[in-house]
Amino acid sequence: MNQENQVGFFRRYFIACFQPGKYKLLLEKKTGSHVIYMILLVAFLLIVDTLIPFGAWMTSVGGFRNLFLNRLPAFTLEDGTFEIESPISFEIGQAIRVEMNSDVEKYTKKDFEEEYQEEILVSRTNVLIRAGERGSDLQLSSLGNMYLDNQVLTAAIPALMVMLVFYFLIMFASKAVQYAVVALVYGLICRVGVRSPEGKTISIGDSFWIAVYAKTLFAIIASVNSSLGYPVSSFWVSVISIVIVMSYMFKAEVSVLKPETS
């Protein structure tokens, strides 16, 4: 990549974050360029709020092998029943909560703590998982004659790594779809708020891409806030984000609809 392209690439992110009045320059790019922008942005968000905290946690426990053999109490899963030598509770990146306690007969939804993005609760008879608003309840009895202990889990590390790759790919796809859907909602709402002197509004496509760019700054702020364990309330970040994103969009639409000066 030559220097001109590098400058142009990074300048797009600077304009998206701080210069909504120049979004007209961004809209001159082809659709493929917009798509690449969003893919790279979502990848960066995933790295900040998921991969970095996970990597830091992995380092703190000394990797999966050390975790399973030395940090995790002796446990067995046999005949649909989970037994662990002593209950454990830990967080991954201050966003994921894990509880394993065979003294609990069965976890229910009331055991969730909503301040976490994701939770994994393992009781004597079930595994309760929550990711955002979605949850699932796995009854251990449904696993049949499956046997699991520390040694078996350690031997399964290669398969676990493959599963993690698929998990992060699913997280990426989910984050990208969520980003696009929210941008579309912003676009549909904000495009009718600004009109040209002739009464025209910008197209739905342009409004969507303006929203994609306008969301950049606070998407990054929200991811950093998440990775740091929410030093600022996510509610206030969301409220301020809505105000700023809509302000950016209105400024951008005014710029796009402004007549060219000869």
# chains A, B, ... in the order shown; residues from 1 in each chain; ligands from 1

$ residues_around --residues "Ile15 in chain A" --least-positions-apart "6" --cutoff "10 Å" --atoms "only C-alpha atoms" --output "number ranges by chain"
A: 21-23, 25-26, 213-214, 216

$ residues_around --residues "range 194-204 of chain A" --least-positions-apart "5" --cutoff "7 Å" --atoms "only C-alpha atoms" --output "ChimeraX atom specification"
/A:187-188,250,253-254,257-258

$ write_last_selection --atoms "N, CA, C and O atoms" --output "mmCIF file, in the first residue's frame"
data_model
loop_
_atom_site.group_PDB
_atom_site.id
_atom_site.type_symbol
_atom_site.label_atom_id
_atom_site.label_comp_id
_atom_site.auth_asym_id
_atom_site.auth_seq_id
_atom_site.Cartn_x
_atom_site.Cartn_y
_atom_site.Cartn_z
ATOM 1 N N GLY A 187 -30.286 5.911 10.074
ATOM 2 C CA GLY A 187 -30.441 6.461 8.740
ATOM 3 C C GLY A 187 -31.887 6.752 8.393
ATOM 4 O O GLY A 187 -32.204 7.815 7.846
ATOM 5 N N LEU A 188 -32.788 5.814 8.715
ATOM 6 C CA LEU A 188 -34.208 6.002 8.406
ATOM 7 C C LEU A 188 -34.824 7.139 9.221
ATOM 8 O O LEU A 188 -35.692 7.874 8.733
ATOM 9 N N PHE A 250 -27.021 15.053 11.067
ATOM 10 C CA PHE A 250 -27.673 16.258 10.563
ATOM 11 C C PHE A 250 -26.652 17.182 9.895
ATOM 12 O O PHE A 250 -26.907 17.758 8.829
ATOM 13 N N GLU A 253 -25.715 15.623 6.551
ATOM 14 C CA GLU A 253 -26.771 15.740 5.546
ATOM 15 C C GLU A 253 -26.872 17.155 5.002
ATOM 16 O O GLU A 253 -27.112 17.352 3.805
ATOM 17 N N VAL A 254 -26.695 18.139 5.877
ATOM 18 C CA VAL A 254 -26.688 19.528 5.418
ATOM 19 C C VAL A 254 -25.560 19.737 4.416
ATOM 20 O O VAL A 254 -25.732 20.382 3.372
ATOM 21 N N LEU A 257 -26.421 17.986 1.042
ATOM 22 C CA LEU A 257 -27.519 18.626 0.295
ATOM 23 C C LEU A 257 -27.216 20.073 -0.089
ATOM 24 O O LEU A 257 -27.952 20.673 -0.863
ATOM 25 N N LYS A 258 -26.130 20.623 0.441
ATOM 26 C CA LYS A 258 -25.787 22.020 0.129
ATOM 27 C C LYS A 258 -25.454 22.137 -1.356
ATOM 28 O O LYS A 258 -24.659 21.362 -1.886
#

$ select_by_dssp --residues "range 32-205 of chain A" --states "helix (DSSP H, G or I)" --output "MDAnalysis selection string"
chainID A and resid 32:61 63:71 109:111 140:143 150:155 157:190 204:205

$ residues_around --residues "Ser233 in chain A" --least-positions-apart "6" --cutoff "12 Å" --atoms "only C-alpha atoms" --output "PyMOL selection string"
chain A and resi 115+221-222+225-226+239-240

$ write_last_selection --atoms "C-alpha atoms" --output "compact mmCIF listing (two decimals), in the first residue's frame"
# COMPACT_ATOMS: atom_id res chain seq x y z
CA GLU A 115 -23.92 -6.01 34.74
CA ILE A 221 -15.55 4.75 23.06
CA ALA A 222 -18.11 2.10 24.06
CA ASN A 225 -15.31 1.51 28.14
CA SER A 226 -16.33 -2.16 28.06
CA VAL A 239 -27.42 8.46 25.79
CA ILE A 240 -24.55 10.75 24.81

$ select_by_dssp --residues "range 14-112 of chain A" --states "strand (DSSP E)" --output "number ranges by chain"
A: 75-78, 81-84, 88-92, 96-100

$ residues_around --residues "Asp49 in chain A" --least-positions-apart "3" --cutoff "12 Å" --atoms "only C-alpha atoms" --output "PyMOL selection string"
chain A and resi 42-46+52-56+92-96+117+168+171-172+175+219-230

$ atom_distance --atom1 "CA of Gly144 in chain A" --atom2 "CA of Glu85 in chain A"
22.3 Å

$ residues_around --residues "Gln139 in chain A" --least-positions-apart "4" --cutoff "7 Å" --atoms "only C-alpha atoms" --output "list in words"
Thr125, Asn126 and Val127 of chain A

$ decode --residues "range 89-201 of chain A" --atoms "C-alpha atoms" --output "PDB file, in the first residue's frame"
ATOM      1  CA  SER A  89     -16.006 -17.856  40.541  1.00  0.00           C
ATOM      2  CA  PHE A  90     -14.046 -15.618  38.187  1.00  0.00           C
ATOM      3  CA  GLU A  91     -14.374 -12.916  35.546  1.00  0.00           C
ATOM      4  CA  ILE A  92     -12.884 -12.694  32.066  1.00  0.00           C
ATOM      5  CA  GLY A  93     -12.088  -9.105  31.164  1.00  0.00           C
ATOM      6  CA  GLN A  94     -14.686  -7.834  33.657  1.00  0.00           C
ATOM      7  CA  ALA A  95     -17.318  -8.629  31.028  1.00  0.00           C
ATOM      8  CA  ILE A  96     -17.790 -12.409  31.354  1.00  0.00           C
ATOM      9  CA  ARG A  97     -18.752 -14.077  34.636  1.00  0.00           C
ATOM     10  CA  VAL A  98     -18.124 -17.771  35.261  1.00  0.00           C
ATOM     11  CA  GLU A  99     -19.504 -19.690  38.253  1.00  0.00           C
ATOM     12  CA  MET A 100     -18.951 -23.421  38.879  1.00  0.00           C
ATOM     13  CA  ASN A 101     -20.563 -24.826  42.010  1.00  0.00           C
ATOM     14  CA  SER A 102     -21.774 -28.408  42.451  1.00  0.00           C
ATOM     15  CA  ASP A 103     -23.356 -27.444  45.790  1.00  0.00           C
ATOM     16  CA  VAL A 104     -26.023 -25.707  43.689  1.00  0.00           C
ATOM     17  CA  GLU A 105     -28.513 -28.270  42.418  1.00  0.00           C
ATOM     18  CA  LYS A 106     -29.656 -26.148  39.475  1.00  0.00           C
ATOM     19  CA  TYR A 107     -29.050 -22.578  38.337  1.00  0.00           C
ATOM     20  CA  THR A 108     -32.005 -20.512  37.099  1.00  0.00           C
ATOM     21  CA  LYS A 109     -32.307 -17.178  35.295  1.00  0.00           C
ATOM     22  CA  LYS A 110     -32.682 -15.338  38.607  1.00  0.00           C
ATOM     23  CA  ASP A 111     -29.017 -16.178  39.305  1.00  0.00           C
ATOM     24  CA  PHE A 112     -27.841 -13.971  36.436  1.00  0.00           C
ATOM     25  CA  GLU A 113     -26.199 -10.624  37.212  1.00  0.00           C
ATOM     26  CA  GLU A 114     -27.067  -8.166  34.459  1.00  0.00           C
ATOM     27  CA  GLU A 115     -23.915  -6.014  34.738  1.00  0.00           C
ATOM     28  CA  TYR A 116     -22.001  -8.684  32.803  1.00  0.00           C
ATOM     29  CA  GLN A 117     -22.188  -9.052  29.015  1.00  0.00           C
ATOM     30  CA  GLU A 118     -22.012 -12.840  29.242  1.00  0.00           C
ATOM     31  CA  GLU A 119     -22.375 -15.415  32.011  1.00  0.00           C
ATOM     32  CA  ILE A 120     -21.678 -19.143  32.347  1.00  0.00           C
ATOM     33  CA  LEU A 121     -23.155 -20.815  35.429  1.00  0.00           C
ATOM     34  CA  VAL A 122     -22.400 -24.504  36.053  1.00  0.00           C
ATOM     35  CA  SER A 123     -24.356 -26.332  38.745  1.00  0.00           C
ATOM     36  CA  ARG A 124     -24.627 -29.994  39.716  1.00  0.00           C
ATOM     37  CA  THR A 125     -27.229 -30.675  37.020  1.00  0.00           C
ATOM     38  CA  ASN A 126     -27.173 -27.876  34.421  1.00  0.00           C
ATOM     39  CA  VAL A 127     -25.169 -25.221  32.585  1.00  0.00           C
ATOM     40  CA  LEU A 128     -26.868 -21.850  32.180  1.00  0.00           C
ATOM     41  CA  ILE A 129     -25.423 -19.510  29.560  1.00  0.00           C
ATOM     42  CA  ARG A 130     -26.339 -15.898  28.785  1.00  0.00           C
ATOM     43  CA  ALA A 131     -24.927 -13.785  25.939  1.00  0.00           C
ATOM     44  CA  GLY A 132     -26.514 -10.345  25.939  1.00  0.00           C
ATOM     45  CA  GLU A 133     -30.263 -10.868  25.990  1.00  0.00           C
ATOM     46  CA  ARG A 134     -30.083 -14.457  24.756  1.00  0.00           C
ATOM     47  CA  GLY A 135     -29.807 -17.389  27.117  1.00  0.00           C
ATOM     48  CA  SER A 136     -29.744 -21.182  27.005  1.00  0.00           C
ATOM     49  CA  ASP A 137     -30.094 -23.935  29.592  1.00  0.00           C
ATOM     50  CA  LEU A 138     -28.142 -27.168  29.043  1.00  0.00           C
ATOM     51  CA  GLN A 139     -29.289 -30.090  31.160  1.00  0.00           C
ATOM     52  CA  LEU A 140     -26.238 -32.253  31.898  1.00  0.00           C
ATOM     53  CA  SER A 141     -28.407 -35.355  31.809  1.00  0.00           C
ATOM     54  CA  SER A 142     -28.836 -34.740  28.062  1.00  0.00           C
ATOM     55  CA  LEU A 143     -25.109 -35.479  27.579  1.00  0.00           C
ATOM     56  CA  GLY A 144     -25.698 -39.183  28.258  1.00  0.00           C
ATOM     57  CA  ASN A 145     -22.601 -41.161  29.295  1.00  0.00           C
ATOM     58  CA  MET A 146     -20.153 -38.341  28.592  1.00  0.00           C
ATOM     59  CA  TYR A 147     -17.191 -38.275  31.019  1.00  0.00           C
ATOM     60  CA  LEU A 148     -15.065 -35.199  31.682  1.00  0.00           C
ATOM     61  CA  ASP A 149     -12.378 -34.277  34.189  1.00  0.00           C
ATOM     62  CA  ASN A 150      -9.260 -32.082  34.375  1.00  0.00           C
ATOM     63  CA  GLN A 151      -7.111 -34.481  32.342  1.00  0.00           C
ATOM     64  CA  VAL A 152      -9.707 -35.008  29.612  1.00  0.00           C
ATOM     65  CA  LEU A 153     -10.250 -31.258  29.385  1.00  0.00           C
ATOM     66  CA  THR A 154      -6.522 -30.668  29.013  1.00  0.00           C
ATOM     67  CA  ALA A 155      -6.308 -33.212  26.188  1.00  0.00           C
ATOM     68  CA  ALA A 156      -9.134 -31.355  24.423  1.00  0.00           C
ATOM     69  CA  ILE A 157      -7.269 -28.018  24.269  1.00  0.00           C
ATOM     70  CA  PRO A 158      -6.684 -28.195  20.456  1.00  0.00           C
ATOM     71  CA  ALA A 159     -10.414 -28.727  19.877  1.00  0.00           C
ATOM     72  CA  LEU A 160     -11.161 -25.934  22.347  1.00  0.00           C
ATOM     73  CA  MET A 161      -8.935 -23.546  20.374  1.00  0.00           C
ATOM     74  CA  VAL A 162     -10.838 -24.368  17.180  1.00  0.00           C
ATOM     75  CA  MET A 163     -14.109 -23.715  19.005  1.00  0.00           C
ATOM     76  CA  LEU A 164     -12.761 -20.368  20.200  1.00  0.00           C
ATOM     77  CA  VAL A 165     -11.932 -19.355  16.628  1.00  0.00           C
ATOM     78  CA  PHE A 166     -15.496 -20.157  15.551  1.00  0.00           C
ATOM     79  CA  TYR A 167     -16.818 -18.310  18.605  1.00  0.00           C
ATOM     80  CA  PHE A 168     -14.880 -15.157  17.708  1.00  0.00           C
ATOM     81  CA  LEU A 169     -16.021 -15.405  14.091  1.00  0.00           C
ATOM     82  CA  ILE A 170     -19.634 -15.629  15.267  1.00  0.00           C
ATOM     83  CA  MET A 171     -19.026 -12.681  17.594  1.00  0.00           C
ATOM     84  CA  PHE A 172     -17.638 -10.703  14.657  1.00  0.00           C
ATOM     85  CA  ALA A 173     -20.635 -11.507  12.451  1.00  0.00           C
ATOM     86  CA  SER A 174     -23.066 -10.680  15.255  1.00  0.00           C
ATOM     87  CA  LYS A 175     -21.339  -7.367  15.989  1.00  0.00           C
ATOM     88  CA  ALA A 176     -21.287  -6.451  12.284  1.00  0.00           C
ATOM     89  CA  VAL A 177     -25.004  -7.204  11.863  1.00  0.00           C
ATOM     90  CA  GLN A 178     -25.853  -5.253  15.011  1.00  0.00           C
ATOM     91  CA  TYR A 179     -23.776  -2.285  13.857  1.00  0.00           C
ATOM     92  CA  ALA A 180     -25.456  -2.309  10.425  1.00  0.00           C
ATOM     93  CA  VAL A 181     -28.979  -2.619  11.853  1.00  0.00           C
ATOM     94  CA  VAL A 182     -28.486   0.268  14.277  1.00  0.00           C
ATOM     95  CA  ALA A 183     -26.968   2.367  11.478  1.00  0.00           C
ATOM     96  CA  LEU A 184     -29.995   1.621   9.298  1.00  0.00           C
ATOM     97  CA  VAL A 185     -32.358   2.740  12.073  1.00  0.00           C
ATOM     98  CA  TYR A 186     -30.397   5.970  12.490  1.00  0.00           C
ATOM     99  CA  GLY A 187     -30.441   6.461   8.740  1.00  0.00           C
ATOM    100  CA  LEU A 188     -34.208   6.002   8.406  1.00  0.00           C
ATOM    101  CA  ILE A 189     -34.921   8.344  11.321  1.00  0.00           C
ATOM    102  CA  CYS A 190     -32.477  11.118  10.482  1.00  0.00           C
ATOM    103  CA  ARG A 191     -32.822  11.340   6.698  1.00  0.00           C
ATOM    104  CA  VAL A 192     -36.190  13.135   6.935  1.00  0.00           C
ATOM    105  CA  GLY A 193     -34.853  15.818   9.281  1.00  0.00           C
ATOM    106  CA  VAL A 194     -32.884  17.729   6.663  1.00  0.00           C
ATOM    107  CA  ARG A 195     -34.104  18.880   3.249  1.00  0.00           C
ATOM    108  CA  SER A 196     -32.591  20.866   0.406  1.00  0.00           C
ATOM    109  CA  PRO A 197     -34.140  24.185  -0.682  1.00  0.00           C
ATOM    110  CA  GLU A 198     -36.041  22.157  -3.296  1.00  0.00           C
ATOM    111  CA  GLY A 199     -37.426  19.861  -0.585  1.00  0.00           C
ATOM    112  CA  LYS A 200     -35.220  16.876  -1.436  1.00  0.00           C
ATOM    113  CA  THR A 201     -33.796  14.470   1.142  1.00  0.00           C
TER     114      THR A 201
END
